[in-house]
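Next comes coords11.pdb, with PDB, C-alpha atoms, pLDDT in the B column.
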ATOM      1  CA  MET V   1       2.578  -1.218 -15.518  1.00 65.00           C
ATOM      2  CA  LYS V   2       0.951  -3.223 -12.740  1.00 90.00           C
ATOM      3  CA  TYR V   3       0.942  -1.464  -9.388  1.00 94.00           C
ATOM      4  CA  SER V   4      -0.396  -1.991  -5.896  1.00 95.00           C
ATOM      5  CA  ILE V   5      -1.725   0.323  -3.241  1.00 95.00           C
ATOM      6  CA  ILE V   6      -1.391  -0.199   0.479  1.00 94.00           C
ATOM      7  CA  ILE V   7      -4.221   1.565   2.273  1.00 92.00           C
ATOM      8  CA  SER V   8      -3.372   3.208   5.579  1.00 90.00           C
ATOM      9  CA  ARG V   9      -5.443   3.902   8.679  1.00 88.00           C
ATOM     10  CA  SER V  10      -4.203   7.489   8.949  1.00 90.00           C
ATOM     11  CA  LEU V  11      -2.216  10.088   7.064  1.00 92.00           C
ATOM     12  CA  THR V  12       0.598   9.663   9.595  1.00 93.00           C
ATOM     13  CA  GLN V  13       0.708   5.915   8.943  1.00 93.00           C
ATOM     14  CA  ALA V  14       0.742   6.521   5.179  1.00 94.00           C
ATOM     15  CA  HIS V  15       3.789   8.781   5.559  1.00 96.00           C
ATOM     16  CA  GLN V  16       5.470   6.169   7.765  1.00 96.00           C
ATOM     17  CA  MET V  17       4.767   3.396   5.249  1.00 96.00           C
ATOM     18  CA  ALA V  18       6.161   5.453   2.357  1.00 97.00           C
ATOM     19  CA  ASP V  19       9.298   6.286   4.389  1.00 97.00           C
ATOM     20  CA  VAL V  20       9.858   2.627   5.322  1.00 97.00           C
ATOM     21  CA  CYS V  21       9.526   1.578   1.683  1.00 97.00           C
ATOM     22  CA  ARG V  22      11.897   4.270   0.459  1.00 97.00           C
ATOM     23  CA  ARG V  23      14.518   3.351   3.068  1.00 97.00           C
ATOM     24  CA  ALA V  24      14.266  -0.234   1.781  1.00 97.00           C
ATOM     25  CA  GLY V  25      15.010   0.972  -1.751  1.00 97.00           C
ATOM     26  CA  ILE V  26      11.419   0.725  -2.968  1.00 97.00           C
ATOM     27  CA  SER V  27       9.875   3.555  -4.953  1.00 97.00           C
ATOM     28  CA  ALA V  28       6.770   4.566  -2.985  1.00 97.00           C
ATOM     29  CA  GLN V  29       4.312   7.348  -3.681  1.00 97.00           C
ATOM     30  CA  LEU V  30       1.755   8.796  -1.260  1.00 96.00           C
ATOM     31  CA  VAL V  31      -1.642   8.816  -3.020  1.00 96.00           C
ATOM     32  CA  ARG V  32      -5.338   9.238  -2.273  1.00 95.00           C
ATOM     33  CA  THR V  33      -7.181   5.968  -1.838  1.00 92.00           C
ATOM     34  CA  PRO V  34      -9.427   5.421  -4.877  1.00 90.00           C
ATOM     35  CA  ALA V  35     -13.029   6.279  -3.954  1.00 87.00           C
ATOM     36  CA  VAL V  36     -14.252   2.775  -4.778  1.00 88.00           C
ATOM     37  CA  LEU V  37     -11.875   1.337  -2.130  1.00 88.00           C
ATOM     38  CA  ARG V  38     -12.498   3.895   0.614  1.00 84.00           C
ATOM     39  CA  GLN V  39     -14.193   2.403   3.661  1.00 78.00           C
ATOM     40  CA  GLY V  40     -14.024   5.355   6.003  1.00 70.00           C
ATOM     41  CA  GLY V  41     -10.625   6.214   7.359  1.00 66.00           C
ATOM     42  CA  CYS V  42      -8.267   8.894   6.149  1.00 72.00           C
ATOM     43  CA  GLY V  43      -8.292   8.146   2.435  1.00 87.00           C
ATOM     44  CA  SER V  44      -4.493   7.904   2.127  1.00 92.00           C
ATOM     45  CA  ALA V  45      -2.471   5.087   0.634  1.00 94.00           C
ATOM     46  CA  VAL V  46       0.983   4.230  -0.642  1.00 96.00           C
ATOM     47  CA  ARG V  47       1.478   3.172  -4.254  1.00 96.00           C
ATOM     48  CA  VAL V  48       4.261   0.727  -5.132  1.00 97.00           C
ATOM     49  CA  ASP V  49       5.173  -1.146  -8.294  1.00 96.00           C
ATOM     50  CA  GLY V  50       3.526  -4.574  -8.258  1.00 92.00           C
ATOM     51  CA  ARG V  51       6.926  -6.247  -8.607  1.00 94.00           C
ATOM     52  CA  ASP V  52       8.057  -4.535  -5.379  1.00 96.00           C
ATOM     53  CA  LEU V  53       5.034  -5.556  -3.303  1.00 94.00           C
ATOM     54  CA  PRO V  54       6.613  -8.633  -1.620  1.00 94.00           C
ATOM     55  CA  GLN V  55       9.660  -6.583  -0.598  1.00 96.00           C
ATOM     56  CA  ALA V  56       7.424  -3.713   0.597  1.00 95.00           C
ATOM     57  CA  ARG V  57       5.326  -6.093   2.703  1.00 93.00           C
ATOM     58  CA  MET V  58       8.477  -7.514   4.298  1.00 94.00           C
ATOM     59  CA  ALA V  59       9.907  -4.054   5.043  1.00 96.00           C
ATOM     60  CA  LEU V  60       6.629  -2.854   6.556  1.00 95.00           C
ATOM     61  CA  SER V  61       6.324  -5.977   8.676  1.00 93.00           C
ATOM     62  CA  ARG V  62       9.877  -5.521   9.987  1.00 95.00           C
ATOM     63  CA  ALA V  63       8.962  -1.921  10.882  1.00 95.00           C
ATOM     64  CA  GLY V  64       5.983  -3.155  12.912  1.00 94.00           C
ATOM     65  CA  ILE V  65       3.318  -2.034  10.421  1.00 90.00           C
ATOM     66  CA  THR V  66       1.237  -5.167   9.986  1.00 79.00           C
ATOM     67  CA  SER V  67      -2.343  -4.041   9.498  1.00 75.00           C
ATOM     68  CA  ALA V  68      -3.221  -2.572   6.119  1.00 80.00           C
ATOM     69  CA  ARG V  69      -5.438  -3.481   3.185  1.00 88.00           C
ATOM     70  CA  ILE V  70      -3.612  -4.079  -0.093  1.00 92.00           C
ATOM     71  CA  TYR V  71      -5.020  -3.977  -3.614  1.00 94.00           C
ATOM     72  CA  THR V  72      -3.460  -4.582  -7.014  1.00 93.00           C
ATOM     73  CA  ALA V  73      -4.669  -2.693 -10.094  1.00 93.00           C
ATOM     74  CA  GLN V  74      -6.128  -5.005 -12.727  1.00 92.00           C
ATOM     75  CA  PRO V  75      -5.686  -4.670 -16.502  1.00 89.00           C
ATOM     76  CA  GLY V  76      -8.681  -2.853 -17.942  1.00 87.00           C
ATOM     77  CA  GLY V  77      -9.606  -1.311 -14.580  1.00 87.00           C
ATOM     78  CA  GLY V  78     -10.751  -2.580 -11.247  1.00 91.00           C
ATOM     79  CA  TRP V  79      -8.895  -3.817  -8.201  1.00 93.00           C
ATOM     80  CA  GLN V  80      -7.990  -7.203  -6.744  1.00 92.00           C
ATOM     81  CA  GLU V  81      -7.558  -7.391  -2.975  1.00 91.00           C
ATOM     82  CA  VAL V  82      -4.375  -9.109  -1.868  1.00 89.00           C
ATOM     83  CA  SER V  83      -5.371 -11.676   0.746  1.00 73.00           C
ATOM     84  CA  GLY V  84      -5.231 -10.713   4.396  1.00 58.00           C
ATOM     85  CA  ASP V  85      -3.145  -8.109   6.133  1.00 53.00           C
ATOM     86  CA  LEU V  86       0.486  -7.528   5.287  1.00 54.00           C
ATOM     87  CA  PHE V  87       1.276 -11.106   6.362  1.00 48.00           C
TER      88      PHE V  87
END

Now that the file is in, can you turn its structure into structure tokens?
Amino acid sequence: MKYSIIISRSLTQAHQMADVCRRAGISAQLVRTPAVLRQGGCGSAVRVDGRDLPQARMALSRAGITSARIYTAQPGGGWQEVSGDLF
């Protein structure tokens, strides 16, 4: 299954992002940011199904959370950055 991770700036923001997604009916899981993607920061992220990413981005934007890096897991390993911030 293809999935995406939305990397947060803090553990608090990661919890907020997961809560916003869940309230929007999106399954969201709090996870550690993969080491290869960590660029300082708290190391927390939210994992969502790749099919739910557009809806998650919309819900987060409506909640005022607009700055986060997003990556999609690639078949066979590796990550593809989703362009720009949430929007």

Q: Quick one: apply the PyMOL selection byres ((chain V and resi 74) around 12) to the file and drop the selected residues here as a ChimeraX atom specification.
A: /V:1-5,50,71-73,75-82

How would the residues just picked look written out with C-alpha atoms as a PDB file, keeping the file's coordinate frame?
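Result went into part-v8.pdb, see below:
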ATOM      1  CA  MET V   1       2.578  -1.218 -15.518  1.00 65.00           C
ATOM      2  CA  LYS V   2       0.951  -3.223 -12.740  1.00 90.00           C
ATOM      3  CA  TYR V   3       0.942  -1.464  -9.388  1.00 94.00           C
ATOM      4  CA  SER V   4      -0.396  -1.991  -5.896  1.00 95.00           C
ATOM      5  CA  ILE V   5      -1.725   0.323  -3.241  1.00 95.00           C
ATOM      6  CA  GLY V  50       3.526  -4.574  -8.258  1.00 92.00           C
ATOM      7  CA  TYR V  71      -5.020  -3.977  -3.614  1.00 94.00           C
ATOM      8  CA  THR V  72      -3.460  -4.582  -7.014  1.00 93.00           C
ATOM      9  CA  ALA V  73      -4.669  -2.693 -10.094  1.00 93.00           C
ATOM     10  CA  PRO V  75      -5.686  -4.670 -16.502  1.00 89.00           C
ATOM     11  CA  GLY V  76      -8.681  -2.853 -17.942  1.00 87.00           C
ATOM     12  CA  GLY V  77      -9.606  -1.311 -14.580  1.00 87.00           C
ATOM     13  CA  GLY V  78     -10.751  -2.580 -11.247  1.00 91.00           C
ATOM     14  CA  TRP V  79      -8.895  -3.817  -8.201  1.00 93.00           C
ATOM     15  CA  GLN V  80      -7.990  -7.203  -6.744  1.00 92.00           C
ATOM     16  CA  GLU V  81      -7.558  -7.391  -2.975  1.00 91.00           C
ATOM     17  CA  VAL V  82      -4.375  -9.109  -1.868  1.00 89.00           C
TER      18      VAL V  82
END

Q: Taking the file as shown, find all residues satisfying the PyMOL selection byres ((chain V and resi 15-30) around 12) and write them as a PyMOL selection string.
A: chain V and resi 3-14+31-33+43-68+86

Hey, could you pull the box centre and edge lengths for segment 25-41 of chain V, axis-aligned, 4 Å padding per side, all listed atoms, to one decimal in Å, as AutoDock Vina command-line options?
--center_x 0.4 --center_y 5.0 --center_z 1.2 --size_x 37.3 --size_y 16.5 --size_z 20.3

Is it possible to add N, CA and C atoms to segment 25-46 of chain V and hand it back as a compact mmCIF listing (two decimals), keeping the file's coordinate frame?
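Listed below is the output, result-v8.txt:
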# COMPACT_ATOMS: atom_id res chain seq x y z
N GLY V 25 14.67 0.90 -0.34
CA GLY V 25 15.01 0.97 -1.75
C GLY V 25 13.83 0.78 -2.69
N ILE V 26 12.63 0.92 -2.18
CA ILE V 26 11.42 0.72 -2.97
C ILE V 26 10.82 2.09 -3.30
N SER V 27 10.53 2.32 -4.56
CA SER V 27 9.88 3.56 -4.95
C SER V 27 8.44 3.53 -4.42
N ALA V 28 8.10 4.51 -3.60
CA ALA V 28 6.77 4.57 -2.98
C ALA V 28 6.22 5.97 -3.11
N GLN V 29 4.95 6.06 -3.47
CA GLN V 29 4.31 7.35 -3.68
C GLN V 29 3.07 7.44 -2.80
N LEU V 30 2.94 8.54 -2.07
CA LEU V 30 1.76 8.80 -1.26
C LEU V 30 0.63 9.22 -2.20
N VAL V 31 -0.52 8.53 -2.13
CA VAL V 31 -1.64 8.82 -3.02
C VAL V 31 -2.95 8.81 -2.23
N ARG V 32 -3.99 9.35 -2.84
CA ARG V 32 -5.34 9.24 -2.27
C ARG V 32 -5.86 7.84 -2.57
N THR V 33 -6.55 7.27 -1.61
CA THR V 33 -7.18 5.97 -1.84
C THR V 33 -8.29 6.15 -2.87
N PRO V 34 -8.34 5.31 -3.90
CA PRO V 34 -9.43 5.42 -4.88
C PRO V 34 -10.79 5.35 -4.17
N ALA V 35 -11.72 6.18 -4.61
CA ALA V 35 -13.03 6.28 -3.95
C ALA V 35 -13.71 4.92 -3.80
N VAL V 36 -13.59 4.08 -4.81
CA VAL V 36 -14.25 2.78 -4.78
C VAL V 36 -13.70 1.88 -3.65
N LEU V 37 -12.50 2.16 -3.17
CA LEU V 37 -11.88 1.34 -2.13
C LEU V 37 -11.96 1.97 -0.75
N ARG V 38 -12.45 3.19 -0.67
CA ARG V 38 -12.50 3.90 0.61
C ARG V 38 -13.60 3.31 1.49
N GLN V 39 -13.23 2.92 2.68
CA GLN V 39 -14.19 2.40 3.66
C GLN V 39 -14.03 3.20 4.94
N GLY V 40 -14.29 4.49 4.87
CA GLY V 40 -14.02 5.36 6.00
C GLY V 40 -12.53 5.60 6.08
N GLY V 41 -12.06 6.00 7.20
CA GLY V 41 -10.62 6.21 7.36
C GLY V 41 -10.16 7.50 6.72
N CYS V 42 -8.86 7.63 6.58
CA CYS V 42 -8.27 8.89 6.15
C CYS V 42 -8.24 9.08 4.65
N GLY V 43 -8.33 8.02 3.88
CA GLY V 43 -8.29 8.15 2.44
C GLY V 43 -6.89 8.25 1.85
N SER V 44 -5.87 7.86 2.61
CA SER V 44 -4.49 7.90 2.13
C SER V 44 -3.95 6.50 1.93
N ALA V 45 -3.06 6.38 0.95
CA ALA V 45 -2.47 5.09 0.63
C ALA V 45 -1.06 5.30 0.08
N VAL V 46 -0.35 4.21 -0.06
CA VAL V 46 0.98 4.23 -0.64
C VAL V 46 0.94 3.35 -1.89
